$ cat target_15.cif   # mmCIF, C-alpha atoms and all ligand atoms
data_start
#
loop_
_atom_site.label_atom_id
_atom_site.label_comp_id
_atom_site.auth_asym_id
_atom_site.auth_seq_id
_atom_site.Cartn_x
_atom_site.Cartn_y
_atom_site.Cartn_z
CA MET J 1 -4.37 -16.89 60.83
CA SER J 2 -2.72 -15.47 63.96
CA SER J 3 -2.88 -11.75 64.69
CA PRO J 4 0.06 -9.59 63.49
CA LEU J 5 -0.22 -7.62 66.73
CA TYR J 6 2.53 -8.24 69.32
CA VAL J 7 2.18 -6.57 72.70
CA ALA J 8 5.38 -5.14 74.22
CA LEU J 9 5.35 -6.03 77.92
CA ASP J 10 7.83 -3.44 79.11
CA THR J 11 7.79 -3.92 82.85
CA PRO J 12 10.20 -5.43 85.39
CA ASP J 13 7.20 -6.91 87.21
CA LEU J 14 6.62 -10.54 86.18
CA ALA J 15 3.21 -10.74 87.83
CA ARG J 16 2.07 -7.59 85.99
CA ALA J 17 3.41 -8.90 82.66
CA LYS J 18 1.53 -12.17 83.17
CA ALA J 19 -1.66 -10.36 84.18
CA ILE J 20 -1.64 -8.13 81.08
CA ALA J 21 -0.78 -11.07 78.83
CA ALA J 22 -3.69 -13.04 80.27
CA ARG J 23 -6.07 -10.16 79.57
CA VAL J 24 -5.02 -9.54 75.97
CA ARG J 25 -4.07 -13.04 74.89
CA ASN J 26 -7.09 -13.53 72.62
CA HIS J 27 -6.39 -10.29 70.72
CA VAL J 28 -2.65 -10.49 70.09
CA GLY J 29 -0.43 -12.82 68.08
CA GLY J 30 2.56 -12.77 70.44
CA LEU J 31 4.35 -11.31 73.44
CA LYS J 32 7.38 -9.05 73.09
CA LEU J 33 9.79 -9.09 76.02
CA GLY J 34 12.58 -6.51 76.06
CA LEU J 35 15.51 -5.42 78.17
CA GLU J 36 13.40 -4.09 81.05
CA PHE J 37 11.66 -7.44 81.51
CA PHE J 38 14.75 -9.55 80.86
CA MET J 39 17.06 -7.66 83.23
CA ALA J 40 14.57 -8.18 86.05
CA ASN J 41 13.35 -11.69 85.32
CA GLY J 42 15.99 -13.39 83.15
CA ARG J 43 15.52 -16.68 81.38
CA ALA J 44 13.23 -18.07 84.07
CA GLY J 45 10.88 -15.15 83.52
CA VAL J 46 10.88 -15.72 79.77
CA ARG J 47 10.01 -19.38 80.36
CA GLU J 48 7.08 -18.41 82.57
CA MET J 49 5.78 -16.06 79.89
CA ALA J 50 6.21 -18.77 77.24
CA ASP J 51 3.96 -21.04 79.32
CA ILE J 52 1.08 -18.70 78.41
CA GLY J 53 1.22 -20.31 74.98
CA LEU J 54 1.87 -17.35 72.67
CA PRO J 55 5.00 -16.88 70.53
CA ILE J 56 7.79 -15.01 72.35
CA PHE J 57 9.63 -12.15 70.66
CA LEU J 58 12.83 -11.59 72.64
CA ASP J 59 13.84 -8.01 71.87
CA LEU J 60 17.30 -7.73 73.41
CA LYS J 61 18.82 -5.80 70.47
CA PHE J 62 22.27 -7.34 70.57
CA HIS J 63 25.08 -5.04 69.41
CA ASP J 64 28.66 -6.17 70.00
CA ILE J 65 31.51 -7.89 68.22
CA PRO J 66 30.43 -10.99 66.23
CA ASN J 67 31.87 -13.53 68.68
CA THR J 68 30.17 -11.95 71.70
CA VAL J 69 26.79 -11.68 69.98
CA ALA J 70 26.99 -15.26 68.73
CA LYS J 71 27.85 -16.58 72.21
CA ALA J 72 25.06 -14.56 73.82
CA ILE J 73 22.55 -15.96 71.33
CA GLN J 74 23.87 -19.49 71.86
CA ALA J 75 23.23 -19.01 75.59
CA LEU J 76 19.58 -18.21 74.81
CA ARG J 77 19.08 -21.19 72.50
CA PRO J 78 17.11 -23.28 75.04
CA LEU J 79 14.43 -20.56 75.12
CA GLU J 80 13.74 -20.97 71.38
CA PRO J 81 12.16 -17.52 70.93
CA ALA J 82 10.07 -17.04 67.81
CA ILE J 83 11.92 -13.79 67.05
CA LEU J 84 15.05 -12.11 68.37
CA THR J 85 16.71 -8.79 67.55
CA VAL J 86 20.22 -7.51 66.83
CA HIS J 87 21.31 -4.06 65.65
CA ALA J 88 22.00 -3.90 61.90
CA SER J 89 24.73 -1.32 62.55
CA GLY J 90 26.76 -4.12 64.19
CA GLY J 91 27.78 -5.01 60.63
CA ARG J 92 27.54 -7.90 58.24
CA ALA J 93 29.79 -10.39 60.08
CA MET J 94 27.84 -9.85 63.29
CA LEU J 95 24.53 -10.42 61.49
CA GLU J 96 25.81 -13.60 59.83
CA ASP J 97 27.14 -14.98 63.11
CA ALA J 98 23.92 -14.08 64.92
CA LYS J 99 21.88 -16.05 62.41
CA ALA J 100 24.24 -19.02 62.59
CA ALA J 101 23.99 -19.05 66.40
CA ALA J 102 20.19 -18.82 66.59
CA PRO J 103 17.90 -21.87 66.81
CA THR J 104 16.61 -22.97 63.39
CA GLY J 105 13.05 -21.86 64.08
CA THR J 106 13.97 -18.41 65.40
CA LYS J 107 13.67 -15.38 63.13
CA VAL J 108 16.65 -13.05 63.53
CA VAL J 109 15.68 -9.48 62.66
CA ALA J 110 17.91 -6.41 62.62
CA VAL J 111 16.97 -3.03 64.04
CA THR J 112 17.73 -0.45 61.35
CA VAL J 113 16.99 3.04 62.76
CA LEU J 114 15.21 3.14 66.13
CA THR J 115 11.72 4.61 65.83
CA SER J 116 12.62 7.11 68.57
CA LEU J 117 15.14 8.82 66.24
CA ASP J 118 14.65 11.41 63.50
CA GLY J 119 17.02 12.91 60.95
CA SER J 120 18.45 15.39 63.41
CA ASP J 121 19.26 12.59 65.90
CA LEU J 122 21.07 10.70 63.12
CA ARG J 123 23.11 13.78 62.20
CA SER J 124 24.04 14.24 65.86
CA VAL J 125 25.72 10.81 65.84
CA GLY J 126 27.48 11.43 62.53
CA VAL J 127 25.01 9.76 60.14
CA ALA J 128 24.36 12.15 57.24
CA SER J 129 21.59 10.05 55.65
CA ASP J 130 17.97 10.64 56.61
CA PRO J 131 16.11 7.78 58.35
CA HIS J 132 14.56 6.61 55.08
CA GLU J 133 17.92 6.26 53.27
CA GLN J 134 19.54 4.67 56.30
CA VAL J 135 16.74 2.11 56.73
CA VAL J 136 16.98 1.12 53.06
CA ARG J 137 20.79 0.80 53.28
CA LEU J 138 20.63 -1.37 56.41
CA THR J 139 17.80 -3.46 54.97
CA GLU J 140 20.03 -4.34 52.01
CA LEU J 141 22.84 -5.24 54.43
CA ALA J 142 20.49 -7.45 56.46
CA ARG J 143 19.24 -9.23 53.33
CA GLU J 144 22.80 -9.84 52.09
CA ALA J 145 23.79 -11.20 55.52
CA GLY J 146 21.11 -13.89 55.27
CA ILE J 147 19.05 -13.00 58.31
CA ASP J 148 15.24 -13.00 58.29
CA GLY J 149 14.17 -9.37 58.30
CA VAL J 150 14.40 -5.93 59.84
CA VAL J 151 12.79 -3.61 62.36
CA CYS J 152 11.87 -0.20 60.95
CA SER J 153 9.13 2.37 61.30
CA GLY J 154 5.91 2.38 59.31
CA GLU J 155 7.27 5.35 57.38
CA GLU J 156 9.97 3.24 55.70
CA VAL J 157 8.46 -0.24 55.63
CA ALA J 158 7.10 0.08 52.08
CA ALA J 159 10.55 1.02 50.72
CA ALA J 160 12.23 -1.73 52.76
CA HIS J 161 9.67 -4.28 51.54
CA LYS J 162 10.30 -3.23 47.94
CA LYS J 163 14.03 -3.92 48.38
CA TRP J 164 13.32 -7.27 50.06
CA PRO J 165 9.95 -8.73 49.00
CA THR J 166 10.48 -11.94 51.00
CA GLY J 167 11.75 -10.22 54.15
CA PHE J 168 10.05 -10.18 57.54
CA PHE J 169 9.21 -6.65 58.69
CA VAL J 170 8.68 -5.71 62.31
CA VAL J 171 7.12 -2.28 62.88
CA PRO J 172 7.12 -0.63 66.33
CA GLY J 173 6.29 3.05 66.90
CA VAL J 174 2.67 2.19 66.15
CA ARG J 175 -0.05 4.39 67.59
CA PRO J 176 -3.82 4.43 67.23
CA ALA J 177 -5.02 7.64 65.55
CA ASN J 178 -4.54 10.52 68.03
CA GLY J 179 -2.58 8.26 70.43
CA ALA J 180 0.24 9.87 72.46
CA ALA J 181 3.57 9.33 70.70
CA GLY J 182 5.65 9.57 73.90
CA ASP J 183 9.33 9.16 72.99
CA GLN J 184 8.56 7.76 69.52
CA LYS J 185 9.33 10.09 66.61
CA ARG J 186 8.48 8.05 63.49
CA VAL J 187 4.93 6.96 64.19
CA VAL J 188 2.12 5.50 62.05
CA THR J 189 -1.24 3.90 62.79
CA PRO J 190 -1.54 0.09 62.94
CA ARG J 191 -3.61 0.02 59.74
CA ALA J 192 -1.14 2.22 57.83
CA ALA J 193 1.80 0.04 58.94
CA LEU J 194 0.08 -3.15 57.77
CA ASP J 195 -0.98 -1.60 54.46
CA ALA J 196 2.63 -0.53 53.88
CA GLY J 197 3.93 -4.08 54.28
CA ALA J 198 4.54 -4.75 57.99
CA SER J 199 4.65 -8.46 58.87
CA ILE J 200 4.01 -7.77 62.55
CA LEU J 201 3.20 -4.68 64.60
CA VAL J 202 4.64 -3.99 68.05
CA VAL J 203 2.46 -2.01 70.42
CA GLY J 204 3.37 -1.38 74.04
CA ARG J 205 2.10 1.56 76.09
CA PRO J 206 -1.14 2.15 74.15
CA ILE J 207 -2.17 -1.30 75.46
CA THR J 208 -0.22 -1.79 78.68
CA GLN J 209 -0.92 1.66 80.10
CA ALA J 210 -4.56 1.73 79.06
CA GLU J 211 -7.14 1.61 81.83
CA ASP J 212 -8.45 -1.54 80.17
CA PRO J 213 -5.65 -3.29 78.21
CA ASP J 214 -8.10 -5.84 76.82
CA LEU J 215 -10.33 -3.12 75.39
CA ALA J 216 -7.32 -1.25 73.97
CA ALA J 217 -6.02 -4.40 72.25
CA ARG J 218 -9.50 -5.16 70.88
CA ALA J 219 -9.82 -1.62 69.52
CA ILE J 220 -6.49 -1.93 67.69
CA GLU J 221 -7.38 -5.41 66.44
CA ALA J 222 -10.63 -4.05 65.02
CA THR J 223 -8.69 -1.66 62.75
CA LEU J 224 -6.50 -4.40 61.24
O1 LIG H 301 12.99 0.88 66.67
C1 LIG H 301 12.45 0.34 67.65
C2 LIG H 301 12.78 -0.92 68.09
C3 LIG H 301 12.12 -1.46 69.15
N1 LIG H 301 11.16 -0.77 69.80
C4 LIG H 301 10.48 -1.42 70.95
O2 LIG H 301 9.08 -1.51 70.68
C5 LIG H 301 8.33 -1.20 71.84
C6 LIG H 301 7.47 0.00 71.58
O3 LIG H 301 6.77 0.35 72.74
P1 LIG H 301 5.66 1.51 72.76
O4 LIG H 301 5.27 1.58 74.20
O5 LIG H 301 4.54 1.06 71.86
O6 LIG H 301 6.31 2.77 72.28
C7 LIG H 301 9.33 -0.99 72.99
O7 LIG H 301 9.45 -2.22 73.67
C8 LIG H 301 10.65 -0.68 72.28
O8 LIG H 301 11.76 -1.16 72.98
C9 LIG H 301 10.84 0.48 69.39
O9 LIG H 301 9.97 1.16 69.96
N2 LIG H 301 11.48 1.01 68.30
#

$ encode --input "target_15.cif" --output "C-alpha cells" --more "lines below"
Ligand SMILES: O=c1ccn([C@@H]2O[C@H](COP(=O)(O)O)[C@@H](O)[C@H]2O)c(=O)[nH]1
Amino acid sequence: MSSPLYVALDTPDLARAKAIAARVRNHVGGLKLGLEFFMANGRAGVREMADIGLPIFLDLKFHDIPNTVAKAIQALRPLEPAILTVHASGGRAMLEDAKAAAPTGTKVVAVTVLTSLDGSDLRSVGVASDPHEQVVRLTELAREAGIDGVVCSGEEVAAAHKKWPTGFFVVPGVRPANGAAGDQKRVVTPRAALDAGASILVVGRPITQAEDPDLAARAIEATL
C-alpha cells in the first residue's frame, strides 16, 4: 500500500523541487505542487515532476464562477493530476462543474476552511460559525455536489468523515509533535490525523526545510 504522506513542494525553484522529491521519494506517497510552484514553472514544470513517477496533487485551489473554473480545469486535463483542489465556498454549481471538467481518474477535493484560519479569522470575514461547524457544512455541500472529498484540518476530519464515510479526506496543517506551526492555526500530528480518518496527509516545511529532508520524511513515516 502506498504511503498516505504527500510532501508539499512549495518552491518556485524546479531544480530544488526535483532534488527534494528525489531524496524523499521512497518515504512519501505523492508530490503536492501548489501555486508557488505552478506560477513559476507552469504545466511543463508539472510534467517534469510527474516524470519522477509519484502521483501529482495539483493544489491550485480554484475559486471563481463555474464556467471559469470548469475551463481552467479543462485546460489542465492533459496533466491528469491524481488530485486537484477547488474552494468549497465557490458553491455547489462550481463544484459540480469542476468535477465534470476534470479527467475521470482525477479526484476533485474542496478546501473547506483553510488550516491557517481560526474562529476569529472566520468572524472577521463575516462567517459566524466556528471552523468545526463550517467544515461540516461545507463537507455536506461537497458530498451533495458529487465531488470526491474535502480538505480540512485534523481537528475536524473525524466529524467530516462521519458525515461522509466514503469521502476522501486531505489533511494539511500536520506537524510532528513539538514541530513549529508557522502560519498554521489548526494543527495536529500525523498520527492523530490518520487516526481521525485522514485519507492523505500533506506535509511541507517540516520536510522541505529540514536539514535532511529524507530523515524528516522517514521520521514522520515511522509514526504512521
Ligand atoms: O487548508 C489548507 C489547504 C492547503 N494547504 C497547503 O498545504 C501545505 C502545507 O504546508 P506546510 O509547510 O506543511 O504548512 C501548503 O502547500 C498549503 O498551501 C494548507 O496548508 N491548508

$ residues_near_point --input "target_15.cif" --point "(-2.7, -13.6, 60.5)" --cutoff "12 Å" --atoms "all atoms listed in the file" --output "PyMOL selection string"
chain J and resi 1-6+27-30+194+198-201+221+224

$ closest_residue --input "target_15.cif" --among "J:Asp118, J:Glu144, J:Asp130, J:Asp183" --to "ligand LIG 301 (chain H)" --atoms "all atoms listed in the file"
J:Asp183

$ closest_atom_pairs --input "target_15.cif" --of "chain J" --to "ligand LIG 301 (chain H)" --cutoff "8 Å" --atoms "only C-alpha atoms and all ligand atoms" --output "tab-separated table"
residue	atom	partner	partner_atom	distance
J:Ala8	CA	H:LIG301	O7	5.0
J:Leu9	CA	H:LIG301	O7	7.0
J:Asp10	CA	H:LIG301	O7	5.8
J:Lys32	CA	H:LIG301	O7	7.2
J:Leu33	CA	H:LIG301	O7	7.3
J:Gly34	CA	H:LIG301	O7	5.8
J:Leu35	CA	H:LIG301	O8	7.7
J:Asp59	CA	H:LIG301	O8	7.2
J:Val111	CA	H:LIG301	O1	6.2
J:Thr112	CA	H:LIG301	O1	7.2
J:Val113	CA	H:LIG301	O1	6.0
J:Leu114	CA	H:LIG301	O1	3.2
J:Thr115	CA	H:LIG301	O1	4.0
J:Ser116	CA	H:LIG301	N2	6.2
J:Val151	CA	H:LIG301	O1	6.2
J:Cys152	CA	H:LIG301	O1	5.9
J:Ser153	CA	H:LIG301	O1	6.8
J:Val171	CA	H:LIG301	C1	7.6
J:Pro172	CA	H:LIG301	O2	4.9
J:Gly173	CA	H:LIG301	O9	5.1
J:Val174	CA	H:LIG301	O5	6.1
J:Arg175	CA	H:LIG301	O5	7.1
J:Ala181	CA	H:LIG301	O6	7.3
J:Gly182	CA	H:LIG301	O6	7.0
J:Asp183	CA	H:LIG301	O6	7.1
J:Gln184	CA	H:LIG301	O6	6.1
J:Val202	CA	H:LIG301	O2	5.7
J:Val203	CA	H:LIG301	O5	4.0
J:Gly204	CA	H:LIG301	O5	3.5
J:Arg205	CA	H:LIG301	O4	3.7
J:Pro206	CA	H:LIG301	O5	6.2
J:Ile207	CA	H:LIG301	O5	8.0
J:Thr208	CA	H:LIG301	O4	7.8

$ residues_near_point --input "target_15.cif" --point "(8.9, -14.9, 63.2)" --cutoff "9 Å" --atoms "only C-alpha atoms" --output "list of chain:residue names"
J:Pro55, J:Phe57, J:Pro81, J:Ala82, J:Ile83, J:Leu84, J:Gly105, J:Thr106, J:Lys107, J:Val108, J:Val109, J:Asp148, J:Phe168, J:Ser199, J:Ile200

$ residues_around --input "target_15.cif" --residues "J:Lys18" --least-positions-apart "4" --cutoff "8 Å" --atoms "only C-alpha atoms" --output "PyMOL selection string"
chain J and resi 14+22+49

$ atom_distance --input "target_15.cif" --atom1 "atom CA of J:Arg191" --atom2 "atom CA of J:Thr223"
6.1 Å

$ closest_residue --input "target_15.cif" --among "J:Gly126, J:Pro213, J:Pro12, J:Pro190" --to "J:Glu155" --atoms "all atoms listed in the file"
J:Pro190

$ decode --input "target_15.cif" --residues "stretch 116-139 of chain J" --atoms "N, CA and C atoms" --output "compact mmCIF listing (two decimals), in the first residue's frame"
# COMPACT_ATOMS: atom_id res chain seq x y z
N SER J 116 -4.96 27.61 8.12
CA SER J 116 -4.31 28.81 8.68
C SER J 116 -5.31 29.74 9.36
N LEU J 117 -6.60 29.35 9.37
CA LEU J 117 -7.65 30.22 9.93
C LEU J 117 -8.19 29.63 11.23
N ASP J 118 -8.57 30.52 12.16
CA ASP J 118 -9.29 30.08 13.36
C ASP J 118 -10.64 30.80 13.41
N GLY J 119 -11.35 30.60 14.49
CA GLY J 119 -12.70 31.16 14.60
C GLY J 119 -12.71 32.68 14.46
N SER J 120 -11.70 33.31 15.01
CA SER J 120 -11.68 34.77 14.94
C SER J 120 -11.44 35.25 13.51
N ASP J 121 -10.63 34.51 12.74
CA ASP J 121 -10.45 34.86 11.32
C ASP J 121 -11.77 34.71 10.56
N LEU J 122 -12.52 33.65 10.89
CA LEU J 122 -13.80 33.45 10.19
C LEU J 122 -14.75 34.60 10.50
N ARG J 123 -14.82 34.98 11.78
CA ARG J 123 -15.71 36.09 12.15
C ARG J 123 -15.30 37.37 11.43
N SER J 124 -14.00 37.56 11.24
CA SER J 124 -13.54 38.80 10.60
C SER J 124 -13.94 38.88 9.13
N VAL J 125 -14.30 37.73 8.53
CA VAL J 125 -14.79 37.78 7.13
C VAL J 125 -16.30 37.49 7.08
N GLY J 126 -16.96 37.64 8.24
CA GLY J 126 -18.42 37.56 8.26
C GLY J 126 -19.00 36.18 8.40
N VAL J 127 -18.16 35.19 8.77
CA VAL J 127 -18.67 33.82 8.98
C VAL J 127 -18.84 33.62 10.48
N ALA J 128 -20.08 33.47 10.93
CA ALA J 128 -20.34 33.38 12.38
C ALA J 128 -20.02 31.99 12.93
N SER J 129 -20.07 30.97 12.09
CA SER J 129 -19.81 29.60 12.55
C SER J 129 -18.35 29.44 12.96
N ASP J 130 -18.10 28.49 13.88
CA ASP J 130 -16.70 28.19 14.19
C ASP J 130 -16.15 27.25 13.11
N PRO J 131 -14.83 27.03 13.05
CA PRO J 131 -14.27 26.20 11.97
C PRO J 131 -14.92 24.82 11.89
N HIS J 132 -15.20 24.23 13.04
CA HIS J 132 -15.78 22.88 13.06
C HIS J 132 -17.14 22.87 12.34
N GLU J 133 -18.03 23.80 12.73
CA GLU J 133 -19.36 23.85 12.09
C GLU J 133 -19.24 24.14 10.59
N GLN J 134 -18.34 25.05 10.25
CA GLN J 134 -18.20 25.44 8.85
C GLN J 134 -17.65 24.28 8.01
N VAL J 135 -16.69 23.54 8.57
CA VAL J 135 -16.15 22.39 7.84
C VAL J 135 -17.25 21.36 7.60
N VAL J 136 -18.05 21.09 8.63
CA VAL J 136 -19.11 20.08 8.47
C VAL J 136 -20.12 20.55 7.42
N ARG J 137 -20.49 21.83 7.47
CA ARG J 137 -21.45 22.37 6.48
C ARG J 137 -20.90 22.22 5.06
N LEU J 138 -19.64 22.60 4.87
CA LEU J 138 -19.07 22.56 3.51
C LEU J 138 -18.79 21.13 3.05
N THR J 139 -18.56 20.24 4.02
CA THR J 139 -18.39 18.82 3.65
C THR J 139 -19.71 18.26 3.10
